[in-house]
Each structure stands twice: as C-alpha cells, then as structure tokens.
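Student: Following this line is target27.txt, made up of compact mmCIF, C-alpha atoms and all ligand atoms:
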```
# COMPACT_ATOMS: atom_id res chain seq x y z
CA MET L 1 -40.93 -57.67 -104.04
CA THR L 2 -38.64 -56.67 -101.19
CA GLU L 3 -35.16 -58.15 -101.49
CA PHE L 4 -33.71 -59.11 -98.14
CA ASN L 5 -30.12 -58.15 -97.69
CA VAL L 6 -28.53 -61.32 -96.37
CA ARG L 7 -24.89 -61.48 -95.30
CA LYS L 8 -22.65 -62.93 -98.03
CA THR L 9 -20.39 -65.83 -97.05
CA PRO L 10 -17.89 -68.07 -98.87
CA GLY L 11 -20.17 -71.12 -99.18
CA ASP L 12 -22.73 -71.67 -101.94
CA THR L 13 -26.02 -71.13 -100.14
CA ALA L 14 -28.16 -70.37 -103.21
CA TRP L 15 -29.49 -73.94 -103.55
CA PHE L 16 -29.85 -74.21 -99.78
CA THR L 17 -32.21 -71.27 -99.33
CA GLN L 18 -34.32 -72.62 -102.21
CA ASP L 19 -34.55 -76.13 -100.81
CA ARG L 20 -35.54 -75.17 -97.26
CA PHE L 21 -36.09 -78.62 -95.79
CA GLY L 22 -33.58 -81.31 -94.87
CA MET L 23 -33.20 -84.48 -92.83
CA PHE L 24 -30.78 -84.71 -89.91
CA ILE L 25 -29.71 -88.27 -89.04
CA HIS L 26 -28.13 -89.08 -85.69
CA TRP L 27 -26.83 -92.61 -85.76
CA GLY L 28 -24.03 -94.23 -83.82
CA LEU L 29 -23.28 -96.70 -81.03
CA TYR L 30 -25.63 -94.75 -78.74
CA ALA L 31 -28.52 -96.34 -80.66
CA LEU L 32 -27.86 -99.52 -78.60
CA PRO L 33 -28.32 -98.11 -75.09
CA ALA L 34 -31.21 -96.21 -76.73
CA ARG L 35 -31.35 -93.58 -74.02
CA HIS L 36 -29.93 -90.42 -75.65
CA GLU L 37 -26.79 -89.82 -77.70
CA TRP L 38 -25.22 -88.19 -74.65
CA VAL L 39 -25.55 -91.39 -72.61
CA LYS L 40 -21.79 -91.70 -72.19
CA ASN L 41 -21.65 -88.23 -70.67
CA PHE L 42 -24.86 -88.55 -68.63
CA GLU L 43 -23.90 -91.88 -67.11
CA LYS L 44 -20.13 -91.24 -67.04
CA THR L 45 -19.74 -94.58 -68.76
CA SER L 46 -16.27 -96.18 -68.70
CA GLU L 47 -14.51 -97.07 -71.95
CA GLU L 48 -14.73 -100.70 -71.01
CA LYS L 49 -18.46 -100.60 -70.58
CA TYR L 50 -19.05 -98.48 -73.69
CA GLN L 51 -16.99 -101.00 -75.65
CA LYS L 52 -19.92 -103.42 -75.29
CA TYR L 53 -21.89 -101.26 -77.73
CA PHE L 54 -19.06 -101.42 -80.23
CA GLU L 55 -18.99 -105.19 -79.92
CA HIS L 56 -22.75 -105.54 -80.32
CA PHE L 57 -23.26 -102.97 -83.08
CA ASN L 58 -24.92 -105.02 -85.81
CA PRO L 59 -27.27 -102.95 -88.00
CA ASP L 60 -28.51 -105.87 -90.06
CA LEU L 61 -31.45 -103.91 -91.47
CA TYR L 62 -29.45 -100.85 -92.54
CA ASP L 63 -30.72 -99.87 -95.97
CA PRO L 64 -30.04 -96.20 -96.63
CA LYS L 65 -31.99 -96.43 -99.89
CA GLU L 66 -35.07 -96.78 -97.71
CA TRP L 67 -33.98 -93.78 -95.63
CA ALA L 68 -33.42 -91.73 -98.77
CA ARG L 69 -36.82 -92.65 -100.18
CA ALA L 70 -38.49 -91.68 -96.90
CA ALA L 71 -36.66 -88.35 -96.83
CA LYS L 72 -37.61 -87.61 -100.41
CA ALA L 73 -41.23 -88.59 -99.88
CA ALA L 74 -41.39 -86.23 -96.90
CA GLY L 75 -40.29 -83.41 -99.20
CA MET L 76 -36.76 -83.14 -97.87
CA LYS L 77 -34.10 -82.00 -100.32
CA TYR L 78 -30.89 -82.68 -98.42
CA ALA L 79 -29.60 -84.71 -95.51
CA VAL L 80 -26.93 -84.40 -92.85
CA LEU L 81 -25.59 -87.61 -91.27
CA THR L 82 -23.45 -87.89 -88.13
CA THR L 83 -20.24 -89.35 -89.55
CA LYS L 84 -18.87 -89.16 -85.99
CA HIS L 85 -20.75 -87.95 -82.90
CA HIS L 86 -19.36 -86.98 -79.48
CA GLU L 87 -18.79 -90.64 -78.58
CA GLY L 88 -16.00 -90.65 -81.22
CA PHE L 89 -17.25 -93.68 -83.16
CA CYS L 90 -16.85 -93.26 -86.94
CA LEU L 91 -19.48 -94.58 -89.33
CA PHE L 92 -16.89 -94.26 -92.09
CA ASP L 93 -13.72 -96.14 -92.88
CA SER L 94 -11.03 -93.83 -91.56
CA GLN L 95 -7.37 -94.78 -91.69
CA TYR L 96 -6.73 -92.71 -88.55
CA THR L 97 -8.72 -94.82 -86.10
CA ASP L 98 -9.81 -98.37 -85.40
CA TYR L 99 -12.94 -97.08 -83.73
CA LYS L 100 -15.08 -97.34 -86.85
CA ALA L 101 -17.96 -99.24 -88.43
CA THR L 102 -15.67 -101.37 -90.58
CA ASN L 103 -14.36 -103.03 -87.40
CA THR L 104 -17.80 -103.87 -86.02
CA LEU L 105 -20.22 -106.58 -87.09
CA ALA L 106 -21.42 -104.12 -89.73
CA GLY L 107 -18.08 -104.72 -91.42
CA ARG L 108 -18.34 -101.90 -93.95
CA ASP L 109 -18.26 -98.16 -94.55
CA LEU L 110 -21.78 -97.01 -93.68
CA VAL L 111 -21.18 -93.45 -94.80
CA ARG L 112 -20.44 -94.56 -98.35
CA GLU L 113 -23.78 -96.34 -98.61
CA TYR L 114 -25.57 -93.30 -97.23
CA VAL L 115 -23.90 -91.02 -99.75
CA ASP L 116 -24.69 -93.31 -102.68
CA ALA L 117 -28.30 -93.82 -101.66
CA PHE L 118 -29.16 -90.18 -100.97
CA ARG L 119 -27.36 -88.95 -104.04
CA ALA L 120 -29.26 -91.47 -106.16
CA GLU L 121 -32.54 -89.95 -104.91
CA GLY L 122 -31.30 -86.50 -105.90
CA LEU L 123 -30.75 -85.20 -102.38
CA LYS L 124 -27.80 -83.02 -101.46
CA ILE L 125 -25.28 -84.53 -99.05
CA GLY L 126 -24.23 -83.20 -95.66
CA PHE L 127 -21.74 -84.54 -93.13
CA TYR L 128 -22.05 -83.79 -89.43
CA TYR L 129 -18.67 -84.10 -87.72
CA SER L 130 -18.33 -83.79 -83.96
CA LEU L 131 -15.56 -81.53 -82.67
CA ILE L 132 -16.04 -83.21 -79.32
CA ASP L 133 -14.59 -86.71 -78.97
CA TRP L 134 -15.07 -88.77 -75.81
CA HIS L 135 -13.02 -91.67 -77.09
CA HIS L 136 -9.90 -90.16 -78.63
CA PRO L 137 -6.81 -90.60 -76.38
CA ASP L 138 -5.58 -87.06 -77.16
CA PHE L 139 -8.82 -85.30 -76.32
CA PRO L 140 -8.21 -83.67 -72.90
CA ILE L 141 -10.77 -84.39 -70.17
CA ASP L 142 -12.97 -81.29 -69.83
CA PRO L 143 -16.29 -80.27 -68.25
CA LEU L 144 -18.36 -82.36 -70.68
CA HIS L 145 -16.17 -85.44 -70.76
CA PRO L 146 -17.48 -88.69 -69.23
CA ARG L 147 -14.32 -88.79 -67.02
CA ARG L 148 -14.87 -85.25 -65.63
CA ASP L 149 -15.53 -86.43 -62.08
CA ASP L 150 -12.73 -88.97 -61.84
CA ASP L 151 -10.16 -88.49 -59.04
CA ASN L 152 -7.08 -88.61 -61.23
CA ILE L 153 -7.84 -85.96 -63.89
CA GLU L 154 -4.28 -84.66 -63.85
CA GLU L 155 -2.94 -88.12 -64.43
CA LEU L 156 -5.51 -88.76 -67.18
CA ASN L 157 -4.66 -85.52 -68.95
CA LYS L 158 -0.88 -85.83 -68.61
CA ASN L 159 -0.28 -87.24 -72.07
CA ARG L 160 -3.28 -85.85 -73.92
CA ASP L 161 -2.32 -83.39 -76.60
CA VAL L 162 -5.14 -81.36 -78.11
CA ARG L 163 -2.80 -80.34 -81.00
CA LYS L 164 -2.62 -83.97 -82.06
CA TYR L 165 -6.38 -84.18 -81.78
CA ALA L 166 -6.81 -81.08 -83.97
CA LYS L 167 -4.58 -82.73 -86.58
CA TYR L 168 -6.67 -85.91 -86.34
CA MET L 169 -9.78 -83.86 -87.16
CA ARG L 170 -8.11 -82.26 -90.17
CA ASP L 171 -7.04 -85.69 -91.38
CA GLN L 172 -10.53 -87.09 -91.01
CA VAL L 173 -12.19 -84.10 -92.62
CA THR L 174 -9.74 -84.57 -95.48
CA GLU L 175 -10.89 -88.17 -95.83
CA LEU L 176 -14.53 -87.18 -95.71
CA LEU L 177 -14.09 -84.50 -98.34
CA THR L 178 -11.87 -86.59 -100.61
CA ASN L 179 -13.38 -90.06 -100.68
CA TYR L 180 -17.10 -89.47 -101.23
CA GLY L 181 -17.46 -87.11 -104.18
CA LYS L 182 -19.17 -83.77 -103.84
CA ILE L 183 -20.25 -82.93 -100.31
CA ASP L 184 -22.57 -79.97 -99.91
CA ILE L 185 -22.61 -79.30 -96.16
CA LEU L 186 -20.12 -79.76 -93.35
CA TRP L 187 -21.77 -79.50 -89.96
CA PHE L 188 -19.30 -79.19 -87.07
CA ASP L 189 -20.55 -79.59 -83.49
CA PHE L 190 -19.78 -77.75 -81.09
CA SER L 191 -17.82 -75.21 -79.00
CA TYR L 192 -18.29 -74.50 -75.30
CA PRO L 193 -15.49 -72.11 -74.30
CA ASN L 194 -17.33 -70.86 -71.22
CA ALA L 195 -18.00 -74.23 -69.61
CA GLU L 196 -16.21 -74.86 -66.31
CA HIS L 197 -16.02 -77.82 -63.98
CA ARG L 198 -13.57 -78.55 -61.15
CA GLY L 199 -11.07 -76.07 -62.56
CA MET L 200 -11.33 -77.51 -66.09
CA LYS L 201 -12.26 -75.26 -68.99
CA GLY L 202 -14.44 -75.88 -72.03
CA LYS L 203 -13.13 -75.94 -75.58
CA GLY L 204 -13.45 -73.63 -78.55
CA LYS L 205 -11.89 -72.45 -81.77
CA ASP L 206 -8.29 -72.45 -80.54
CA ASP L 207 -8.53 -76.05 -79.39
CA TRP L 208 -9.98 -77.16 -82.73
CA GLU L 209 -7.52 -74.94 -84.64
CA ALA L 210 -10.70 -73.90 -86.36
CA GLU L 211 -9.11 -71.65 -88.95
CA GLU L 212 -6.87 -74.43 -90.20
CA LEU L 213 -9.73 -76.90 -90.08
CA ILE L 214 -11.98 -74.67 -92.14
CA LYS L 215 -9.19 -73.85 -94.56
CA THR L 216 -8.62 -77.56 -95.09
CA ALA L 217 -12.31 -78.06 -95.84
CA ARG L 218 -12.65 -75.07 -98.14
CA THR L 219 -9.55 -75.98 -100.13
CA LEU L 220 -10.85 -79.48 -100.75
CA MET L 221 -14.45 -78.54 -101.39
CA PRO L 222 -14.91 -74.94 -102.55
CA GLY L 223 -18.51 -73.83 -102.15
CA ILE L 224 -19.25 -76.21 -99.28
CA ILE L 225 -21.60 -74.81 -96.65
CA ILE L 226 -20.03 -74.78 -93.16
CA ASP L 227 -21.92 -74.09 -89.95
CA ASN L 228 -20.97 -71.82 -87.12
CA ARG L 229 -20.20 -74.14 -84.31
CA THR L 230 -16.42 -74.10 -84.53
CA GLU L 231 -16.90 -70.64 -82.98
CA LEU L 232 -16.00 -68.95 -86.26
CA GLU L 233 -18.89 -67.38 -88.14
CA GLN L 234 -19.16 -69.12 -91.51
CA ASP L 235 -22.13 -69.74 -93.81
CA LEU L 236 -24.77 -71.14 -91.53
CA TRP L 237 -26.35 -70.16 -88.19
CA THR L 238 -27.95 -73.11 -86.44
CA PRO L 239 -30.49 -72.44 -83.67
CA GLU L 240 -31.20 -75.77 -81.96
CA GLN L 241 -34.39 -76.98 -80.27
CA VAL L 242 -35.80 -73.43 -80.31
CA GLN L 243 -37.93 -71.80 -82.97
CA PRO L 244 -36.79 -68.29 -83.87
CA THR L 245 -39.75 -65.96 -84.33
CA GLU L 246 -37.82 -63.62 -86.57
CA TRP L 247 -34.99 -63.78 -89.10
CA VAL L 248 -31.71 -64.72 -87.35
CA ARG L 249 -28.93 -62.12 -87.27
CA ASP L 250 -25.15 -62.32 -86.81
CA SER L 251 -23.21 -60.58 -84.05
CA GLU L 252 -23.29 -57.34 -86.06
CA GLY L 253 -27.01 -57.44 -86.71
CA ASN L 254 -26.93 -58.60 -90.36
CA LEU L 255 -29.52 -61.08 -91.59
CA VAL L 256 -27.92 -64.47 -92.13
CA VAL L 257 -28.58 -67.85 -93.70
CA TRP L 258 -30.01 -69.96 -90.91
CA GLU L 259 -31.32 -73.41 -90.25
CA ALA L 260 -33.30 -74.49 -87.22
CA CYS L 261 -32.57 -78.07 -86.20
CA GLN L 262 -35.31 -79.93 -84.41
CA THR L 263 -36.09 -83.40 -83.12
CA PHE L 264 -39.30 -85.40 -83.39
CA SER L 265 -38.96 -86.13 -79.68
CA GLY L 266 -36.54 -84.90 -77.04
CA SER L 267 -33.47 -86.81 -78.22
CA TRP L 268 -31.32 -86.81 -81.36
CA GLY L 269 -30.14 -90.39 -81.12
CA TYR L 270 -32.70 -93.22 -80.95
CA HIS L 271 -34.39 -93.05 -77.55
CA ARG L 272 -36.70 -95.96 -76.95
CA ASP L 273 -38.51 -94.60 -73.89
CA GLU L 274 -38.74 -90.92 -74.78
CA SER L 275 -42.38 -90.02 -75.27
CA THR L 276 -42.52 -86.31 -76.03
CA TRP L 277 -43.19 -86.81 -79.73
CA LYS L 278 -44.39 -83.79 -81.66
CA THR L 279 -47.62 -84.13 -83.62
CA PRO L 280 -47.63 -83.78 -87.42
CA GLU L 281 -49.36 -80.43 -86.98
CA MET L 282 -46.57 -79.13 -84.74
CA LEU L 283 -43.96 -80.31 -87.23
CA ILE L 284 -45.68 -78.79 -90.25
CA ARG L 285 -46.11 -75.52 -88.38
CA MET L 286 -42.46 -75.62 -87.46
CA LEU L 287 -41.53 -75.87 -91.12
CA VAL L 288 -43.89 -73.06 -92.10
CA ASN L 289 -42.81 -70.84 -89.21
CA THR L 290 -39.18 -71.35 -90.18
CA VAL L 291 -39.65 -70.41 -93.83
CA SER L 292 -41.86 -67.48 -92.81
CA CYS L 293 -38.77 -66.08 -91.04
CA GLY L 294 -36.40 -66.77 -93.92
CA GLY L 295 -34.89 -69.99 -92.56
CA ASN L 296 -34.45 -73.71 -93.29
CA LEU L 297 -35.57 -76.64 -91.18
CA LEU L 298 -33.38 -79.68 -90.51
CA LEU L 299 -35.60 -82.31 -88.93
CA ASN L 300 -33.94 -85.18 -87.12
CA VAL L 301 -34.39 -88.91 -87.27
CA GLY L 302 -32.54 -91.23 -84.88
CA PRO L 303 -32.46 -94.69 -86.49
CA THR L 304 -32.46 -97.79 -84.28
CA ALA L 305 -29.45 -100.03 -83.69
CA ARG L 306 -30.72 -102.35 -86.42
CA GLY L 307 -30.57 -99.47 -88.85
CA CYS L 308 -34.26 -98.66 -89.30
CA PHE L 309 -36.32 -95.60 -88.69
CA ASP L 310 -38.46 -95.82 -85.58
CA SER L 311 -42.11 -96.34 -86.59
CA ARG L 312 -43.02 -93.10 -84.82
CA ALA L 313 -40.56 -91.22 -87.02
CA SER L 314 -41.79 -92.99 -90.14
CA SER L 315 -45.40 -91.99 -89.48
CA ALA L 316 -44.42 -88.38 -88.80
CA LEU L 317 -42.44 -88.29 -92.05
CA ALA L 318 -45.36 -89.76 -93.95
CA ALA L 319 -47.75 -87.13 -92.57
CA ILE L 320 -45.38 -84.34 -93.52
CA GLY L 321 -45.00 -85.90 -96.96
CA GLU L 322 -48.75 -85.98 -97.44
CA TRP L 323 -48.93 -82.26 -96.65
CA MET L 324 -45.88 -81.44 -98.78
CA LYS L 325 -47.31 -83.31 -101.76
CA TYR L 326 -50.02 -80.65 -102.05
CA ASN L 327 -48.46 -77.63 -100.38
CA SER L 328 -44.71 -77.64 -100.99
CA ARG L 329 -45.00 -74.66 -103.35
CA SER L 330 -45.39 -72.54 -100.21
CA ILE L 331 -42.04 -73.88 -98.93
CA TYR L 332 -39.52 -74.36 -101.78
CA GLY L 333 -38.05 -71.13 -103.07
CA CYS L 334 -40.06 -69.17 -100.52
CA THR L 335 -38.92 -66.80 -97.83
CA GLN L 336 -40.22 -64.18 -95.41
CA SER L 337 -42.96 -62.06 -96.91
CA GLU L 338 -42.86 -58.31 -97.36
CA PHE L 339 -46.33 -58.24 -95.75
CA LYS L 340 -47.20 -58.75 -92.12
CA ALA L 341 -49.53 -61.62 -91.34
CA PRO L 342 -52.38 -61.40 -88.78
CA THR L 343 -52.48 -63.62 -85.67
CA ASP L 344 -52.94 -67.31 -86.45
CA VAL L 345 -51.76 -66.86 -90.02
CA ARG L 346 -48.23 -67.23 -91.40
CA TYR L 347 -47.04 -65.84 -94.72
CA THR L 348 -44.33 -67.09 -96.99
CA GLN L 349 -43.61 -65.50 -100.35
CA ASN L 350 -41.97 -66.33 -103.64
CA GLY L 351 -42.00 -63.34 -106.00
CA ASP L 352 -45.62 -62.53 -106.88
CA LYS L 353 -47.00 -65.53 -104.96
CA LEU L 354 -48.01 -64.89 -101.38
CA TYR L 355 -48.85 -68.00 -99.35
CA VAL L 356 -51.34 -67.69 -96.53
CA HIS L 357 -51.06 -70.52 -93.97
CA VAL L 358 -54.21 -70.72 -91.88
CA TYR L 359 -53.51 -71.98 -88.33
CA ALA L 360 -56.92 -71.27 -86.78
CA TYR L 361 -59.60 -71.96 -89.35
CA PRO L 362 -62.10 -69.09 -89.18
CA TYR L 363 -65.83 -68.96 -89.65
CA ARG L 364 -66.20 -68.10 -93.36
CA LEU L 365 -64.24 -64.85 -93.60
CA LEU L 366 -60.54 -64.18 -93.34
CA ALA L 367 -59.45 -60.53 -93.55
CA LEU L 368 -55.88 -59.68 -94.48
CA ASP L 369 -54.50 -56.18 -93.89
CA SER L 370 -52.82 -53.95 -96.45
CA LEU L 371 -53.60 -56.16 -99.42
CA ALA L 372 -56.50 -54.26 -101.01
CA GLY L 373 -55.78 -53.53 -104.66
CA LYS L 374 -52.80 -55.85 -104.66
CA VAL L 375 -54.29 -59.28 -105.25
CA ASP L 376 -55.10 -60.57 -108.71
CA TYR L 377 -56.32 -64.09 -107.88
CA ALA L 378 -56.81 -66.37 -104.87
CA GLN L 379 -56.99 -70.15 -104.64
CA PHE L 380 -56.41 -72.99 -102.23
CA LEU L 381 -53.03 -74.51 -102.90
CA HIS L 382 -53.99 -78.15 -102.29
CA ASP L 383 -56.64 -78.27 -105.05
CA ASN L 384 -56.36 -74.99 -107.02
CA SER L 385 -59.98 -74.16 -106.17
CA GLU L 386 -60.83 -70.50 -106.46
CA ILE L 387 -61.40 -68.43 -103.35
CA LEU L 388 -63.61 -65.40 -103.87
CA PHE L 389 -62.63 -62.20 -102.14
CA SER L 390 -63.75 -58.63 -101.70
CA GLU L 391 -61.95 -55.51 -100.54
CA LYS L 392 -62.74 -53.35 -97.57
CA ASP L 393 -60.85 -50.64 -95.63
CA GLY L 394 -57.51 -51.51 -97.22
CA LYS L 395 -58.00 -55.22 -96.49
CA ILE L 396 -58.94 -58.13 -98.65
CA VAL L 397 -61.60 -60.41 -97.24
CA LEU L 398 -61.39 -64.05 -98.32
CA GLU L 399 -64.56 -66.13 -98.42
CA LEU L 400 -63.62 -69.55 -97.13
CA PRO L 401 -65.78 -72.69 -97.20
CA TYR L 402 -67.60 -73.53 -93.98
CA VAL L 403 -65.71 -76.74 -93.56
CA LYS L 404 -61.95 -76.73 -93.17
CA PRO L 405 -60.36 -78.59 -96.08
CA ASP L 406 -58.75 -81.88 -95.20
CA GLN L 407 -55.31 -80.33 -94.82
CA ILE L 408 -53.43 -80.14 -91.52
CA VAL L 409 -52.54 -76.57 -92.37
CA PRO L 410 -54.61 -75.20 -95.29
CA VAL L 411 -52.71 -72.84 -97.57
CA ILE L 412 -54.17 -70.12 -99.78
CA GLU L 413 -52.12 -68.94 -102.71
CA LEU L 414 -52.54 -65.28 -103.59
CA THR L 415 -51.19 -64.07 -106.90
CA LEU L 416 -50.17 -60.45 -106.49
CA LYS L 417 -50.74 -57.89 -109.20
CA LYS L 418 -47.58 -57.01 -111.13
C1 LIG L 501 -25.90 -80.69 -79.80
C2 LIG L 501 -25.82 -81.94 -79.09
C3 LIG L 501 -26.17 -83.02 -79.91
C4 LIG L 501 -26.75 -82.85 -81.26
C5 LIG L 501 -26.68 -81.49 -81.82
C6 LIG L 501 -27.62 -81.17 -82.94
O1 LIG L 501 -25.22 -79.67 -79.48
O2 LIG L 501 -24.63 -82.08 -78.42
O3 LIG L 501 -26.15 -84.24 -79.39
O4 LIG L 501 -25.97 -83.54 -82.13
O5 LIG L 501 -26.59 -80.52 -80.95
O6 LIG L 501 -27.77 -79.83 -83.17
```
Turn the structure described in the file into structure tokens.
Ligand code: GLC
Tutor:
Amino acid sequence: MTEFNVRKTPGDTAWFTQDRFGMFIHWGLYALPARHEWVKNFEKTSEEKYQKYFEHFNPDLYDPKEWARAAKAAGMKYAVLTTKHHEGFCLFDSQYTDYKATNTLAGRDLVREYVDAFRAEGLKIGFYYSLIDWHHPDFPIDPLHPRRDDDNIEELNKNRDVRKYAKYMRDQVTELLTNYGKIDILWFDFSYPNAEHRGMKGKGKDDWEAEELIKTARTLMPGIIIDNRTELEQDLWTPEQVQPTEWVRDSEGNLVVWEACQTFSGSWGYHRDESTWKTPEMLIRMLVNTVSCGGNLLLNVGPTARGCFDSRASSALAAIGEWMKYNSRSIYGCTQSEFKAPTDVRYTQNGDKLYVHVYAYPYRLLALDSLAGKVDYAQFLHDNSEILFSEKDGKIVLELPYVKPDQIVPVIELTLKK
C-alpha cells in the first residue's frame, strides 16, 4: 500500500499514530464557577474574587481510577491532563508555588493519582502545561490577561519579569518530568504573538524561552512528544475545534503528525449551562474523519468541581465505547487510504484491510470506484458477516441488507488482494 511520507521529528510518534484516540481532561479551579475555563479572562475577575474558588476547591469524589476506566472503555489509549491551565493553579505539588492542589481542601497531589490510575489501565500519559499564567506575579499583563483593562497597567507591570516566569516554567516542567515516571506527551498551550490591546503585545516563543524550555524537556524525557504551541514546530500539530478535511501540513508543505482536539460541548472546562453537546454520531464521525485524514483525535472531558465526569460526558463516552467495541479495528493502526471514497463514505486503511464507513445508508447497493479486481473478501466489521459483491465498470458493488445494522456508523471491512 502507499506509504505516506510524514515529516520526521525528535519525539517517538510511532505508538501515537497507532493509537489514534485519546482523552483530554481540563480540570482546575474554573470547574467551580462552571462557566468556561476562561472565566477569569472573560469576567476580568480580580485575584481576590478568584481566590474564593481556591478556598472552596474540594473534589471529594475525585477518583481517577474511574476516569481511567471510562477512557479505556471508550477505546481511548492515552490521556492528557491540564496540570496547570491559564488560571495558573497547579494540580500537582510544585515546590515553586503555593497555588496548588496540596494547599486546598483536596490536600494532595492530584496529578500523581491521575498518573497512577491511567498507567494502571495501560494508557499512555500526557501533561498539558499552560504557557499562559494569569496568577503568576512575574507574568506581564498582556492582551489576554484579566487585568488588561485596568487603569494602572504600567504600575502593574513595573516589577513583572518574564525571564523569571520562563525560569519558573522550566522548573515546573522539570518537576513534572522528574517526579512521575515516564511521561509520553507534553502539551504546551499557547502562543499569541500577534495579539494587541491598548499598546500591549501578545506573547510567543521568546517570552517562553521556548528553545530552552524544550531542551529541558527533551533532556529529561527523550522521545517525549511535544506539541507546536510554543511557536516552535516540534512533533505534533494540533488543530483545535475545527475538523481538517485533509492531512495537515507544516509551513513547508510536508505531511505531519497531527491531532485534532475537540470538546463534547463548547467549553473545555466544566460548563454547567452550556448546551451545544455533540451527538454520539457526530463524535464517532469526528473520530473516523480524523483517522481518514491520517490524524489522531483528542476528545475532551471537563470534570466537575467534585471530581466527576458530567453525566452528559459519561453517556457520550459510553456510546463511543459501544461503537469502538465492535469497530475499533477501523481506527487503531489505521490511516488515510490510498483510495478515494465516494460521498457519504469514509475510508481508513491498515495494510491490506480497507475500512468503508457508511454515513448515509443506501438502498441495497453501494458502489465503490476503482476497486474492481482488487477485493478478495468483504464483511461487516461489527459481526464478521459476509457481504456479497459483484464488479462492474471498474467498481465493486456491495450488496447490503435492507435494514441498516444497529451500528451508529456501520463499517465494512474489505480485504484487498495481495
Ligand atoms: C486553547 C484554550 C483552552 C484550551 C485549549 C485546548 O487555546 O485557551 O482553554 O485549553 O486551547 O486546545
């Protein structure tokens, strides 16, 4: 089959492009206001007021073993947890700040329990680490900062030293990559060099001292996968809340390793009143569409302030798991096909197996171009029941049952002739 020529990078992406499906977890103090993880920015919340969330953070039902089981049952193979989001609060026990879970009512290192639980279920471990920090006293006020519209910006910025902040990040990344065993992914977020507000500029690689930061990470954890959002191209390209319709390319046009990240609803952090939840069918299609363009999908859960998955997220995960139980062979180890699928069909391929995902179930016959003479055997994937086919004008014509099988997206597995 066609080999795709994907840009080589320093990180070990071989397992990653096999595994294809991971869980993103956005969890922090913003779970208490429960109205988006950017609430501090949106509402320009003062430190004093935001402190209330720190004081009331009490995730008494936090049981990451349950999270890990849910991720595994949904067919996910790795996870990425926000160890620190833009609000600056650390879920881990860092010696460089007091603004951490150990000093809340939780009273312990929540990252350690996540790592242990997910590792025990056999999932690979990722850490999200925010480059942005709306709490750190050395992080200069900028266009995204909650204090951006204050009158005394000059005064506020007088003693802030972004160099010290960059050092703080290196120190914390060192802790994260030293104290928790093998970490597979480091997910930095994000750069905005072109932002502007009242004469203030956004931040990017020079502010983060990105080269140093990445060097620190790579020295401690060779093979780790690092994303692109420091503004330096690394191992992973991360389109967010959009679905690419073809394989993602770097700035020079090379195919790259990529991962779409998507939410169940419109927010990453727990959002009580957000109602734009995607249906299981949309989510399963998202996964299929992603793999059909050679990518991975990182699907986000925003646990509540008590430490549980929202019931809406749990049901979505269960529905995906039900589909994956029977159809995951069309996902793991698969990539873009060498063949072009007709409208309402998506292909994925793994060597001599071509997977036909049927989005609009047809009346009895499904014709597939350019496959005449190439197919040895055809069956439904969910039950291994044979599908008869004939050949006509260079196509194969599959004879499908009248009634759509009870699968959100039915998949037909074609074995290609050697
Ligand atoms: C962003 C947002 C954010 C989220 C992330 C996930 O850029 O700032 O809140 O963590 O993307 O991709």
Student: Between atom CA of L:Asn159 and atom CA of L:Pro137, what is the distance in Å, rounded to a tenth?
Tutor: 8.5 Å
Student: So, counting only C-alpha atoms, which residue among L:His56, L:Arg163, L:Lys44, L:Arg364 is closest to L:Leu105?
Tutor: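 Of the candidates, the smallest distance to L:Leu105 is held by L:His56.
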Student: Could you jot down the atom CA of L:Pro342 to atom CA of L:Ala360 separation for me, Å, one decimal place?
Tutor: 11.0 Å
Student: Write as a ChimeraX atom specification the residues around ligand LIG 501 (chain L), taking 7 Å as the cut-off and counting only C-alpha atoms and all ligand atoms.
Tutor: /L:26,37-38,85,189-190,240,261,268
Student: Find, counting all atoms listed in the file, the residue in L:Ile387, L:Ala71, L:Cys90, L:Leu366 that gets nearest to L:Asp133.
Tutor: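 Among the listed residues, L:Cys90 lies closest to L:Asp133.
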Student: Select, from L:Thr219, L:Gln234, L:Ser390, L:Gln172, the residue with the minimum atom-to-atom distance to L:Lys8, counting all atoms listed in the file.
Tutor: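 Checking each candidate against L:Lys8, we get L:Gln234 as the closest.
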Student: Would you list the contacts of stretch 46-48 of chain L as a PyMOL selection string, taking every protein, DNA or RNA residue within 9 Å and counting only C-alpha atoms, but skipping same-chain residues closer than 2 positions in sequence?
Tutor: chain L and resi 40+43-44+50-52+135+146-147
Student: Provide the atom CA of L:Ala74 to atom CA of L:Leu317 distance in Å, to one decimal place.
Tutor: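 Spanning atom CA of L:Ala74 to atom CA of L:Leu317 is a straight-line distance of 5.4 Å.
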Student: Name the residues, using the chain letters and numbers of the file, that sit within 9 Å of (-47.0, -59.5, -109.8) when counting all atoms listed in the file, and give them as a list in words.
Tutor: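 The distance filter leaves exactly Met1, Gly351, Asp352, Lys353, Lys374, Val375, Asp376, Thr415, Leu416, Lys417 and Lys418 of chain L.
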Student: Looking at L:Phe92, L:Tyr332, L:Tyr114, L:Tyr359, which one is nearest to L:Phe21, with distances taken over all atoms listed in the file?
Tutor: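 Ranked by minimum distance to L:Phe21, first place goes to L:Tyr332.
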Student: Would you please work out which residue, of L:Ala316, L:Ala31, L:Leu368, L:Ala305, is nearest to L:Thr263 when using all atoms listed in the file?
Tutor: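 The shortest atom-to-atom distance to L:Thr263 comes from L:Ala316.
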Student: What's the 10 Å shell around L:Leu176, counting all atoms listed in the file, without same-chain residues fewer than 2 positions away, as a list in words?
Tutor: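 The residues that qualify are Thr83, Phe92, Asp93, Ser94, Val111, Arg112, Phe127, Tyr129, Arg170, Asp171, Gln172, Val173, Thr174, Thr178, Asn179, Tyr180, Gly181, Lys182, Ile183, Leu186, Ala217 and Leu220 of chain L.
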Student: Counting all atoms listed in the file, figure out which residue out of L:Lys124, L:Arg20, L:Arg272, L:Arg7 gets nearest to L:Ala260.
Tutor: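 Once distances to L:Ala260 are computed over all atoms listed in the file, the minimum belongs to L:Arg20.
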